[in-house]
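Listing of protein_32.cif, mmCIF, C-alpha atoms
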data_final
loop_
_atom_site.group_PDB
_atom_site.id
_atom_site.type_symbol
_atom_site.label_atom_id
_atom_site.label_comp_id
_atom_site.auth_asym_id
_atom_site.auth_seq_id
_atom_site.Cartn_x
_atom_site.Cartn_y
_atom_site.Cartn_z
ATOM 1 C CA MET A 1 12.875 14.365 10.558
ATOM 2 C CA GLN A 2 12.350 13.637 14.265
ATOM 3 C CA ALA A 3 8.865 12.119 13.907
ATOM 4 C CA HIS A 4 10.175 9.618 11.342
ATOM 5 C CA ALA A 5 13.033 8.566 13.616
ATOM 6 C CA ARG A 6 10.640 8.111 16.553
ATOM 7 C CA LEU A 7 8.218 6.091 14.412
ATOM 8 C CA VAL A 8 10.982 3.763 13.236
ATOM 9 C CA GLU A 9 12.219 3.404 16.836
ATOM 10 C CA GLU A 10 8.772 2.532 18.210
ATOM 11 C CA ILE A 11 8.052 0.057 15.382
ATOM 12 C CA GLY A 12 11.480 -1.502 15.968
ATOM 13 C CA ARG A 13 10.456 -2.384 19.538
ATOM 14 C CA THR A 14 8.145 -5.036 18.083
ATOM 15 C CA ILE A 15 9.361 -5.668 14.529
ATOM 16 C CA VAL A 16 12.878 -7.064 14.044
ATOM 17 C CA GLY A 17 14.565 -6.053 10.785
ATOM 18 C CA GLN A 18 12.463 -5.275 7.683
ATOM 19 C CA HIS A 19 13.888 -1.733 7.691
ATOM 20 C CA GLN A 20 13.257 -1.083 4.003
ATOM 21 C CA VAL A 21 9.672 -2.358 4.240
ATOM 22 C CA VAL A 22 9.022 -0.123 7.262
ATOM 23 C CA ASP A 23 10.435 2.933 5.460
ATOM 24 C CA GLU A 24 8.412 2.258 2.307
ATOM 25 C CA LEU A 25 5.264 1.676 4.343
ATOM 26 C CA LEU A 26 5.687 5.046 6.078
ATOM 27 C CA ILE A 27 6.355 6.726 2.702
ATOM 28 C CA SER A 28 3.065 5.392 1.323
ATOM 29 C CA LEU A 29 1.149 6.543 4.415
ATOM 30 C CA LEU A 30 2.492 10.100 4.291
ATOM 31 C CA ALA A 31 1.919 10.259 0.508
ATOM 32 C CA ARG A 32 -1.781 9.368 1.010
ATOM 33 C CA GLY A 33 -1.249 6.011 -0.687
ATOM 34 C CA HIS A 34 -2.500 2.514 0.009
ATOM 35 C CA CYS A 35 -0.119 -0.392 0.408
ATOM 36 C CA LEU A 36 -0.148 -4.105 -0.508
ATOM 37 C CA LEU A 37 2.251 -6.348 1.433
ATOM 38 C CA VAL A 38 3.083 -9.663 -0.228
ATOM 39 C CA GLY A 39 5.014 -12.449 1.467
ATOM 40 C CA VAL A 40 4.866 -16.060 2.548
ATOM 41 C CA PRO A 41 2.992 -16.889 5.785
ATOM 42 C CA GLY A 42 4.694 -16.222 9.106
ATOM 43 C CA LEU A 43 6.730 -13.123 8.186
ATOM 44 C CA ALA A 44 4.774 -10.789 10.522
ATOM 45 C CA LYS A 45 2.977 -8.829 7.792
ATOM 46 C CA THR A 46 -0.140 -8.479 9.938
ATOM 47 C CA LEU A 47 1.914 -7.702 13.059
ATOM 48 C CA LEU A 48 3.814 -4.999 11.175
ATOM 49 C CA ILE A 49 0.614 -3.242 10.107
ATOM 50 C CA SER A 50 -0.992 -3.454 13.558
ATOM 51 C CA THR A 51 2.249 -2.128 15.117
ATOM 52 C CA VAL A 52 2.275 0.827 12.708
ATOM 53 C CA ALA A 53 -1.351 1.510 13.680
ATOM 54 C CA ARG A 54 -0.379 1.590 17.364
ATOM 55 C CA THR A 55 2.412 4.106 16.720
ATOM 56 C CA LEU A 56 -0.166 6.379 15.060
ATOM 57 C CA ASP A 57 -2.990 7.600 17.281
ATOM 58 C CA LEU A 58 -5.651 6.526 14.775
ATOM 59 C CA LYS A 59 -8.718 4.303 14.671
ATOM 60 C CA PHE A 60 -7.625 0.857 13.484
ATOM 61 C CA SER A 61 -9.811 -1.849 11.985
ATOM 62 C CA ARG A 62 -8.886 -5.352 10.824
ATOM 63 C CA ILE A 63 -10.951 -7.260 8.261
ATOM 64 C CA GLN A 64 -10.168 -10.946 7.782
ATOM 65 C CA PHE A 65 -11.032 -11.608 4.143
ATOM 66 C CA THR A 66 -12.684 -14.997 3.593
ATOM 67 C CA PRO A 67 -14.557 -16.567 0.636
ATOM 68 C CA ASP A 68 -17.965 -15.931 2.278
ATOM 69 C CA LEU A 69 -17.331 -12.247 3.074
ATOM 70 C CA MET A 70 -19.983 -9.960 1.552
ATOM 71 C CA PRO A 71 -19.527 -6.287 0.511
ATOM 72 C CA SER A 72 -21.940 -5.129 3.234
ATOM 73 C CA ASP A 73 -19.765 -6.911 5.809
ATOM 74 C CA ILE A 74 -17.043 -4.322 5.241
ATOM 75 C CA THR A 75 -18.934 -1.177 4.177
ATOM 76 C CA GLY A 76 -21.887 -1.508 6.539
ATOM 77 C CA THR A 77 -25.586 -2.240 6.122
ATOM 78 C CA GLU A 78 -28.990 -0.699 6.731
ATOM 79 C CA ILE A 79 -31.130 -2.232 9.468
ATOM 80 C CA ILE A 80 -34.725 -1.554 10.518
ATOM 81 C CA GLN A 81 -35.085 0.115 13.912
ATOM 82 C CA GLU A 82 -38.228 1.030 15.800
ATOM 83 C CA ASP A 83 -38.642 4.401 17.498
ATOM 84 C CA ARG A 84 -39.880 3.510 20.993
ATOM 85 C CA SER A 85 -41.611 6.850 21.517
ATOM 86 C CA SER A 86 -43.607 6.904 18.251
ATOM 87 C CA GLY A 87 -43.624 3.224 17.337
ATOM 88 C CA GLN A 88 -42.514 4.064 13.785
ATOM 89 C CA LYS A 89 -39.880 2.004 12.017
ATOM 90 C CA HIS A 90 -37.061 3.446 9.971
ATOM 91 C CA PHE A 91 -33.823 2.375 8.332
ATOM 92 C CA THR A 92 -30.548 3.103 10.133
ATOM 93 C CA PHE A 93 -27.138 2.680 8.550
ATOM 94 C CA VAL A 94 -24.743 0.704 10.733
ATOM 95 C CA ARG A 95 -21.189 1.495 9.737
ATOM 96 C CA GLY A 96 -18.896 -1.385 8.901
ATOM 97 C CA PRO A 97 -15.201 -1.868 9.734
ATOM 98 C CA LEU A 98 -14.220 0.193 6.669
ATOM 99 C CA PHE A 99 -15.022 3.314 8.725
ATOM 100 C CA ALA A 100 -11.607 3.626 10.324
ATOM 101 C CA ASN A 101 -8.378 5.524 9.675
ATOM 102 C CA ILE A 102 -6.226 2.443 9.070
ATOM 103 C CA VAL A 103 -7.948 -0.602 7.582
ATOM 104 C CA LEU A 104 -6.056 -3.897 7.497
ATOM 105 C CA ALA A 105 -7.415 -6.070 4.687
ATOM 106 C CA ASP A 106 -5.912 -9.381 5.774
ATOM 107 C CA GLU A 107 -5.390 -11.945 2.981
ATOM 108 C CA ILE A 108 -7.304 -9.787 0.528
ATOM 109 C CA ASN A 109 -7.044 -12.358 -2.273
ATOM 110 C CA ARG A 110 -9.157 -14.882 -0.338
ATOM 111 C CA THR A 111 -12.435 -13.090 -1.056
ATOM 112 C CA PRO A 112 -14.362 -12.996 -4.371
ATOM 113 C CA PRO A 113 -14.032 -10.012 -6.766
ATOM 114 C CA LYS A 114 -17.456 -8.640 -5.772
ATOM 115 C CA THR A 115 -16.243 -8.033 -2.235
ATOM 116 C CA GLN A 116 -12.805 -6.879 -3.364
ATOM 117 C CA SER A 117 -14.464 -4.230 -5.536
ATOM 118 C CA ALA A 118 -16.299 -2.839 -2.497
ATOM 119 C CA LEU A 119 -12.936 -1.390 -1.509
ATOM 120 C CA LEU A 120 -12.474 0.441 -4.830
ATOM 121 C CA GLN A 121 -14.655 3.462 -4.110
ATOM 122 C CA ALA A 122 -13.341 3.782 -0.570
ATOM 123 C CA MET A 123 -9.695 3.609 -1.692
ATOM 124 C CA GLN A 124 -10.123 6.120 -4.521
ATOM 125 C CA GLU A 125 -12.789 8.577 -3.323
ATOM 126 C CA HIS A 126 -12.524 8.011 0.461
ATOM 127 C CA GLU A 127 -16.276 7.525 0.655
ATOM 128 C CA VAL A 128 -18.858 4.726 0.853
ATOM 129 C CA THR A 129 -22.281 4.653 -0.812
ATOM 130 C CA ALA A 130 -25.039 2.563 0.778
ATOM 131 C CA GLY A 131 -28.788 2.773 0.259
ATOM 132 C CA GLY A 132 -28.392 5.750 -2.070
ATOM 133 C CA THR A 133 -26.520 7.791 0.559
ATOM 134 C CA THR A 134 -22.831 8.636 0.378
ATOM 135 C CA TYR A 135 -20.819 8.665 3.604
ATOM 136 C CA ARG A 136 -17.408 10.346 3.826
ATOM 137 C CA LEU A 137 -14.616 8.431 5.519
ATOM 138 C CA ASP A 138 -12.583 10.122 8.229
ATOM 139 C CA GLU A 139 -9.155 11.433 7.253
ATOM 140 C CA PRO A 140 -6.496 10.200 7.139
ATOM 141 C CA PHE A 141 -7.617 6.948 5.497
ATOM 142 C CA PHE A 142 -5.286 4.093 4.546
ATOM 143 C CA VAL A 143 -5.948 0.585 3.289
ATOM 144 C CA LEU A 144 -3.087 -1.773 4.070
ATOM 145 C CA ALA A 145 -3.617 -5.225 2.574
ATOM 146 C CA THR A 146 -1.708 -8.485 2.932
ATOM 147 C CA GLN A 147 -1.474 -11.307 0.433
ATOM 148 C CA ASN A 148 0.213 -14.711 0.500
ATOM 149 C CA PRO A 149 1.747 -15.587 -2.899
ATOM 150 C CA ILE A 150 2.087 -19.350 -2.424
ATOM 151 C CA GLU A 151 -1.395 -20.232 -1.143
ATOM 152 C CA GLN A 152 -3.242 -20.368 -4.452
ATOM 153 C CA GLU A 153 -5.933 -22.860 -3.436
ATOM 154 C CA GLY A 154 -9.181 -20.991 -2.870
ATOM 155 C CA THR A 155 -7.800 -17.561 -3.806
ATOM 156 C CA TYR A 156 -9.051 -14.909 -6.214
ATOM 157 C CA PRO A 157 -6.290 -12.883 -7.908
ATOM 158 C CA LEU A 158 -6.788 -9.138 -7.580
ATOM 159 C CA PRO A 159 -7.895 -7.520 -10.871
ATOM 160 C CA GLU A 160 -5.649 -4.864 -12.410
ATOM 161 C CA ALA A 161 -8.102 -2.085 -11.480
ATOM 162 C CA GLN A 162 -7.842 -3.098 -7.806
ATOM 163 C CA LEU A 163 -4.061 -3.459 -7.917
ATOM 164 C CA ASP A 164 -3.688 -0.026 -9.505
ATOM 165 C CA ARG A 165 -5.330 1.570 -6.442
ATOM 166 C CA PHE A 166 -2.339 0.525 -4.322
ATOM 167 C CA MET A 167 0.531 2.993 -4.383
ATOM 168 C CA PHE A 168 3.122 0.433 -3.268
ATOM 169 C CA ASN A 169 3.492 -3.313 -3.591
ATOM 170 C CA LEU A 170 5.960 -4.357 -0.890
ATOM 171 C CA TRP A 171 7.624 -7.755 -0.862
ATOM 172 C CA VAL A 172 8.265 -8.981 2.690
ATOM 173 C CA ASP A 173 11.221 -11.352 2.541
ATOM 174 C CA TYR A 174 12.727 -13.836 5.006
ATOM 175 C CA PRO A 175 14.886 -12.356 7.807
ATOM 176 C CA ASP A 176 18.618 -13.071 7.880
ATOM 177 C CA GLN A 177 20.005 -15.448 10.523
ATOM 178 C CA ALA A 178 20.831 -12.772 13.112
ATOM 179 C CA GLU A 179 17.370 -11.228 12.769
ATOM 180 C CA GLU A 180 15.670 -14.619 12.958
ATOM 181 C CA GLU A 181 17.579 -15.474 16.137
ATOM 182 C CA GLU A 182 16.465 -12.145 17.646
ATOM 183 C CA ILE A 183 12.845 -12.848 16.599
ATOM 184 C CA VAL A 184 12.899 -16.238 18.309
ATOM 185 C CA ARG A 185 14.585 -14.777 21.411
ATOM 186 C CA SER A 186 12.083 -11.917 21.786
ATOM 187 C CA THR A 187 8.910 -13.858 20.985
ATOM 188 C CA THR A 188 9.616 -16.771 23.318
ATOM 189 C CA SER A 189 10.335 -14.669 26.421
ATOM 190 C CA ALA A 190 7.977 -13.168 28.984
ATOM 191 C CA TYR A 191 8.751 -9.615 27.835
ATOM 192 C CA HIS A 192 6.356 -7.995 25.361
ATOM 193 C CA ALA A 193 7.134 -4.594 23.885
ATOM 194 C CA SER A 194 4.362 -2.024 23.715
ATOM 195 C CA PRO A 195 4.967 0.750 21.144
ATOM 196 C CA GLN A 196 3.795 4.250 22.010
ATOM 197 C CA ALA A 197 1.778 6.559 19.761
ATOM 198 C CA VAL A 198 3.980 9.133 18.008
ATOM 199 C CA LEU A 199 1.631 11.013 15.646
ATOM 200 C CA ASN A 200 -2.083 11.814 15.751
ATOM 201 C CA ALA A 201 -4.522 12.390 12.883
ATOM 202 C CA ALA A 202 -4.019 16.163 12.700
ATOM 203 C CA GLN A 203 -0.226 15.817 12.584
ATOM 204 C CA ILE A 204 -0.406 13.167 9.846
ATOM 205 C CA ILE A 205 -2.702 15.340 7.717
ATOM 206 C CA GLU A 206 -0.290 18.256 8.215
ATOM 207 C CA LEU A 207 2.625 16.099 7.016
ATOM 208 C CA GLN A 208 0.592 14.864 4.030
ATOM 209 C CA ASP A 209 -0.128 18.483 3.055
ATOM 210 C CA LEU A 210 3.572 19.289 3.449
ATOM 211 C CA VAL A 211 4.483 16.521 0.988
ATOM 212 C CA ARG A 212 2.151 18.019 -1.622
ATOM 213 C CA ARG A 213 3.853 21.412 -1.262
ATOM 214 C CA VAL A 214 7.372 20.069 -1.893
ATOM 215 C CA PRO A 215 8.725 21.498 -5.185
ATOM 216 C CA VAL A 216 10.021 19.113 -7.853
ATOM 217 C CA ALA A 217 12.439 19.992 -10.655
ATOM 218 C CA ASP A 218 11.212 19.535 -14.229
ATOM 219 C CA ASN A 219 13.981 17.061 -15.043
ATOM 220 C CA VAL A 220 12.863 14.800 -12.160
ATOM 221 C CA ILE A 221 9.247 14.818 -13.400
ATOM 222 C CA ARG A 222 10.498 14.161 -16.935
ATOM 223 C CA TYR A 223 12.549 11.196 -15.699
ATOM 224 C CA ALA A 224 9.563 9.681 -13.854
ATOM 225 C CA VAL A 225 7.234 10.070 -16.847
ATOM 226 C CA ASN A 226 9.818 8.664 -19.288
ATOM 227 C CA LEU A 227 10.459 5.724 -16.957
ATOM 228 C CA VAL A 228 6.757 4.841 -16.907
ATOM 229 C CA ARG A 229 6.274 5.382 -20.645
ATOM 230 C CA ARG A 230 9.193 3.043 -21.384
ATOM 231 C CA THR A 231 7.334 0.199 -19.605
ATOM 232 C CA ARG A 232 4.691 0.181 -22.369
ATOM 233 C CA PRO A 233 5.574 -2.291 -25.144
ATOM 234 C CA GLN A 234 3.282 -0.426 -27.561
ATOM 235 C CA ASN A 235 5.470 2.673 -27.174
ATOM 236 C CA GLY A 236 7.984 2.946 -30.010
ATOM 237 C CA GLU A 237 10.626 4.225 -27.548
ATOM 238 C CA ALA A 238 10.353 1.142 -25.317
ATOM 239 C CA PRO A 239 13.548 -0.950 -25.092
ATOM 240 C CA ALA A 240 13.646 -4.294 -26.879
ATOM 241 C CA PHE A 241 13.512 -6.267 -23.613
ATOM 242 C CA ILE A 242 10.259 -4.489 -22.662
ATOM 243 C CA ARG A 243 8.617 -5.506 -25.957
ATOM 244 C CA GLU A 244 9.943 -9.024 -25.486
ATOM 245 C CA TRP A 245 8.808 -9.573 -21.874
ATOM 246 C CA LEU A 246 5.762 -7.344 -21.215
ATOM 247 C CA THR A 247 2.182 -7.411 -22.473
ATOM 248 C CA TRP A 248 1.110 -4.209 -20.694
ATOM 249 C CA GLY A 249 2.980 -1.416 -18.985
ATOM 250 C CA ALA A 250 2.092 1.055 -16.246
ATOM 251 C CA GLY A 251 -0.449 3.882 -16.561
ATOM 252 C CA PRO A 252 -0.255 7.582 -15.610
ATOM 253 C CA ARG A 253 -1.071 6.837 -11.959
ATOM 254 C CA ALA A 254 2.369 5.206 -11.707
ATOM 255 C CA SER A 255 4.045 8.503 -12.701
ATOM 256 C CA GLN A 256 2.064 10.336 -10.028
ATOM 257 C CA TYR A 257 3.033 7.813 -7.359
ATOM 258 C CA LEU A 258 6.706 7.915 -8.402
ATOM 259 C CA ILE A 259 6.787 11.671 -7.785
ATOM 260 C CA LEU A 260 4.757 11.502 -4.558
ATOM 261 C CA GLY A 261 6.987 8.702 -3.257
ATOM 262 C CA ALA A 262 10.125 10.643 -4.219
ATOM 263 C CA LYS A 263 8.809 13.781 -2.495
ATOM 264 C CA THR A 264 8.018 11.889 0.712
ATOM 265 C CA ARG A 265 11.375 10.092 0.721
ATOM 266 C CA ALA A 266 13.202 13.407 0.380
ATOM 267 C CA ILE A 267 11.214 14.976 3.241
ATOM 268 C CA LEU A 268 11.845 11.995 5.542
ATOM 269 C CA GLN A 269 15.562 12.288 4.842
ATOM 270 C CA GLY A 270 15.560 16.013 5.576
ATOM 271 C CA ARG A 271 16.036 17.234 1.991
ATOM 272 C CA PRO A 272 13.961 20.104 0.542
ATOM 273 C CA THR A 273 13.361 18.559 -2.885
ATOM 274 C CA PRO A 274 13.653 15.080 -4.452
ATOM 275 C CA ASP A 275 16.147 14.038 -7.120
ATOM 276 C CA ILE A 276 16.239 11.278 -9.714
ATOM 277 C CA GLY A 277 17.748 8.916 -7.134
ATOM 278 C CA ASP A 278 14.537 9.185 -5.078
ATOM 279 C CA VAL A 279 12.460 8.212 -8.124
ATOM 280 C CA ARG A 280 14.692 5.191 -8.713
ATOM 281 C CA ALA A 281 14.415 4.216 -5.041
ATOM 282 C CA VAL A 282 10.597 3.963 -5.173
ATOM 283 C CA ALA A 283 10.391 2.572 -8.733
ATOM 284 C CA LYS A 284 10.222 -1.069 -7.699
ATOM 285 C CA PRO A 285 7.344 -0.847 -5.165
ATOM 286 C CA VAL A 286 5.408 1.499 -7.487
ATOM 287 C CA LEU A 287 5.849 -0.490 -10.724
ATOM 288 C CA ARG A 288 6.096 -4.089 -9.513
ATOM 289 C CA HIS A 289 2.334 -4.752 -9.591
ATOM 290 C CA ARG A 290 1.588 -2.587 -12.622
ATOM 291 C CA LEU A 291 3.581 -4.530 -15.212
ATOM 292 C CA VAL A 292 1.974 -7.551 -16.901
ATOM 293 C CA THR A 293 4.542 -10.085 -18.100
ATOM 294 C CA ASN A 294 3.982 -12.404 -21.064
ATOM 295 C CA PHE A 295 4.841 -16.027 -21.784
ATOM 296 C CA ASN A 296 8.405 -15.183 -22.830
ATOM 297 C CA ALA A 297 9.172 -13.678 -19.423
ATOM 298 C CA GLU A 298 7.608 -16.621 -17.604
ATOM 299 C CA ALA A 299 9.536 -19.108 -19.744
ATOM 300 C CA GLU A 300 12.805 -17.318 -18.958
ATOM 301 C CA SER A 301 11.882 -16.888 -15.246
ATOM 302 C CA VAL A 302 12.057 -13.103 -15.550
ATOM 303 C CA SER A 303 10.106 -11.251 -12.849
ATOM 304 C CA THR A 304 8.728 -7.719 -12.924
ATOM 305 C CA ALA A 305 11.374 -6.803 -10.322
ATOM 306 C CA ASP A 306 14.113 -7.963 -12.734
ATOM 307 C CA ILE A 307 12.611 -5.847 -15.514
ATOM 308 C CA ILE A 308 12.399 -2.744 -13.282
ATOM 309 C CA GLU A 309 16.032 -3.132 -12.182
ATOM 310 C CA ARG A 310 17.157 -3.369 -15.797
ATOM 311 C CA LEU A 311 14.965 -0.434 -16.796
ATOM 312 C CA THR A 312 16.279 1.902 -14.057
ATOM 313 C CA ALA A 313 19.860 0.895 -14.903
ATOM 314 C CA ASP A 314 19.286 1.729 -18.595
ATOM 315 C CA GLU A 315 19.904 5.472 -19.031
ATOM 316 C CA THR A 316 19.369 5.617 -22.803
ATOM 317 C CA GLY A 317 16.318 7.561 -23.900
ATOM 318 C CA MET A 318 15.530 8.846 -20.395
ATOM 319 C CA GLY A 319 15.795 12.489 -21.374
#
Take the structure I supplied and represent it as C-alpha cells, if you would.
Amino acid sequence: MQAHARLVEEIGRTIVGQHQVVDELLISLLARGHCLLVGVPGLAKTLLISTVARTLDLKFSRIQFTPDLMPSDITGTEIIQEDRSSGQKHFTFVRGPLFANIVLADEINRTPPKTQSALLQAMQEHEVTAGGTTYRLDEPFFVLATQNPIEQEGTYPLPEAQLDRFMFNLWVDYPDQAEEEEIVRSTTSAYHASPQAVLNAAQIIELQDLVRRVPVADNVIRYAVNLVRRTRPQNGEAPAFIREWLTWGAGPRASQYLILGAKTRAILQGRPTPDIGDVRAVAKPVLRHRLVTNFNAEAESVSTADIIERLTADETGMG
C-alpha cells in the first residue's frame, strides 16, 4: 500500500527506529482504535505522536494531564456572553481541546479518575455532553495517550474501564546502539526534518471503511475468539498457567480488536484477507492491558506479555 509506505517514510524523517511501534500505531488509527503508549521518559513517545499528526492533514490537540486538570478543561465549558445589540445574556459553549481529530493525552495517569473518565464518552461514542447538550466530534477521531511506568509518585492508575477503551497498548522500548547514535547525531545538529502531510481526513475515513469491508474466514474469527476466551481463568478450557497466573481475562472487545487489527495489518501488507498469523501479530498490543495478573504471577516475575507469548504458542484447544 503506497500511502502506508509514504507515511512510514515521512515519520522516519523525524523518528529513528521504533518500526514496530510505528506500524502498530498506524494499524490502530486505520482500525478506528485508540492507542496507549507506555515507556520510560525520554523515548520520544510525545514526539512520535505529534509527528504522526503532522503526516496526517488533521486537527491536532495536545493535553498535558496534571493533578489539577478538571473535566471541563478538556471537554469545554459554558460561559456567559452578552449580546451587544440587545443587551441580553446567554450561555455559550466554548469547545475544549478534545474537539480535534487527533488528541494527545500526555501522561494520562497524572490526572485524577474524575478527569480521566471525561475521556470515556468521547473515546467510545465520539461525542461530548455539556450543559445537557450533546456535541458530535469531527471524524476521524483518535485519542493517543502516553504513560510513564516508573514515575509512580503522584500518579493515578487507569481503571480497567478506561484501559479497555484503548485498542492497543504499545510498549516503547530503548533504542539499540546504532539507533541511539543516530538519534544523538540528528538531534544535536542544525538540521531539523519536517515531515509532509500524506493523508487527509476524507482519505483516512475511506481507508477505515475499507478495513471494515475486508472479509475474514470463519476459522480466523474462531481462533481470535478462542484465544480471548482462553485468557479467562474461570473458563474450564483455560490452560493451567492461565488459572495459576491470572485473576481476570479479556472481554469480547478484545476479540473485536484482534480481528480489526488483523484486517488492517493484512490491508497494509497488500493482502486481501487476514490469516491466523495476523491475529497472533496483534495479540500482544491488544491483550497486554486487558489481563489482570495475580500474586503468583508477580511473585514469579511473570508479565502479561510472557503469558500472551505462551498462550499464542500453545495450539491445543484453539479449534
Step by step, work through what the PyMOL selection byres ((chain A and resi 255) around 12) selects in the shown file, and finish by giving those residues as a PyMOL selection string.
chain A and resi 164+167+220-231+249-254+256-262+279-280+282-283+286-287+290
Residue members of the PyMOL selection byres ((chain A and resi 116-127) around 6) in the file shown, as a PyMOL selection string:
chain A and resi 71+113-115+128+135-137
Where does stretch 137-238 of chain A meet stretch 57-70 of chain A within 8 Å, residue by residue, with the nearest atom pair and distance in Å to one decimal for each, counting only C-alpha atoms, listed by chain and rising number, as CSV?
residue,atom,partner,partner_atom,distance
A:Gly154,CA,A:Pro67,CA,7.8
A:Ala197,CA,A:Asp57,CA,5.5
A:Val198,CA,A:Asp57,CA,7.2
A:Leu199,CA,A:Asp57,CA,6.0
A:Asn200,CA,A:Asp57,CA,4.6
A:Ala201,CA,A:Leu58,CA,6.3
Out of A:Leu37, A:Ala53, A:Ala31, A:Ala100, which residue has the shortest atom-to-atom distance to A:Pro195 when counting only C-alpha atoms?
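Answer, going by the shortest atom-to-atom distance: A:Ala53.
Interatomic distance, atom CA of A:Leu7 against atom CA of A:His289: 27.0 Å.
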Would you fill out stretch 129-144 of chain A with N, CA and C atoms and return it as a short mmCIF file (atom, residue, chain, number, x, y, z; two decimals), keeping the file's coordinate frame?
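File produced: part-v3.cif:
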data_model
loop_
_atom_site.label_atom_id
_atom_site.label_comp_id
_atom_site.auth_asym_id
_atom_site.auth_seq_id
_atom_site.Cartn_x
_atom_site.Cartn_y
_atom_site.Cartn_z
N THR A 129 -20.88 4.42 -0.46
CA THR A 129 -22.28 4.65 -0.81
C THR A 129 -23.10 3.43 -0.43
N ALA A 130 -24.16 3.65 0.34
CA ALA A 130 -25.04 2.56 0.78
C ALA A 130 -26.46 3.10 0.84
N GLY A 131 -27.39 2.37 0.24
CA GLY A 131 -28.79 2.77 0.26
C GLY A 131 -29.04 4.13 -0.37
N GLY A 132 -28.23 4.48 -1.39
CA GLY A 132 -28.39 5.75 -2.07
C GLY A 132 -27.78 6.94 -1.35
N THR A 133 -27.15 6.71 -0.21
CA THR A 133 -26.52 7.79 0.56
C THR A 133 -25.01 7.60 0.57
N THR A 134 -24.29 8.68 0.38
CA THR A 134 -22.83 8.64 0.38
C THR A 134 -22.29 9.13 1.72
N TYR A 135 -21.41 8.34 2.30
CA TYR A 135 -20.82 8.66 3.60
C TYR A 135 -19.32 8.91 3.42
N ARG A 136 -18.83 10.05 3.90
CA ARG A 136 -17.41 10.35 3.83
C ARG A 136 -16.65 9.58 4.91
N LEU A 137 -15.47 9.10 4.56
CA LEU A 137 -14.62 8.43 5.52
C LEU A 137 -13.73 9.46 6.22
N ASP A 138 -13.42 9.20 7.47
CA ASP A 138 -12.58 10.12 8.23
C ASP A 138 -11.16 10.12 7.67
N GLU A 139 -10.55 11.30 7.69
CA GLU A 139 -9.15 11.43 7.25
C GLU A 139 -8.24 11.41 8.47
N PRO A 140 -7.03 10.88 8.32
CA PRO A 140 -6.50 10.20 7.14
C PRO A 140 -7.08 8.80 6.99
N PHE A 141 -7.05 8.27 5.76
CA PHE A 141 -7.62 6.95 5.50
C PHE A 141 -6.62 6.13 4.68
N PHE A 142 -6.23 4.98 5.22
CA PHE A 142 -5.29 4.09 4.55
C PHE A 142 -5.86 2.68 4.49
N VAL A 143 -5.68 2.02 3.38
CA VAL A 143 -5.95 0.58 3.29
C VAL A 143 -4.61 -0.12 3.15
N LEU A 144 -4.31 -0.98 4.09
CA LEU A 144 -3.09 -1.77 4.07
C LEU A 144 -3.50 -3.24 3.96
#
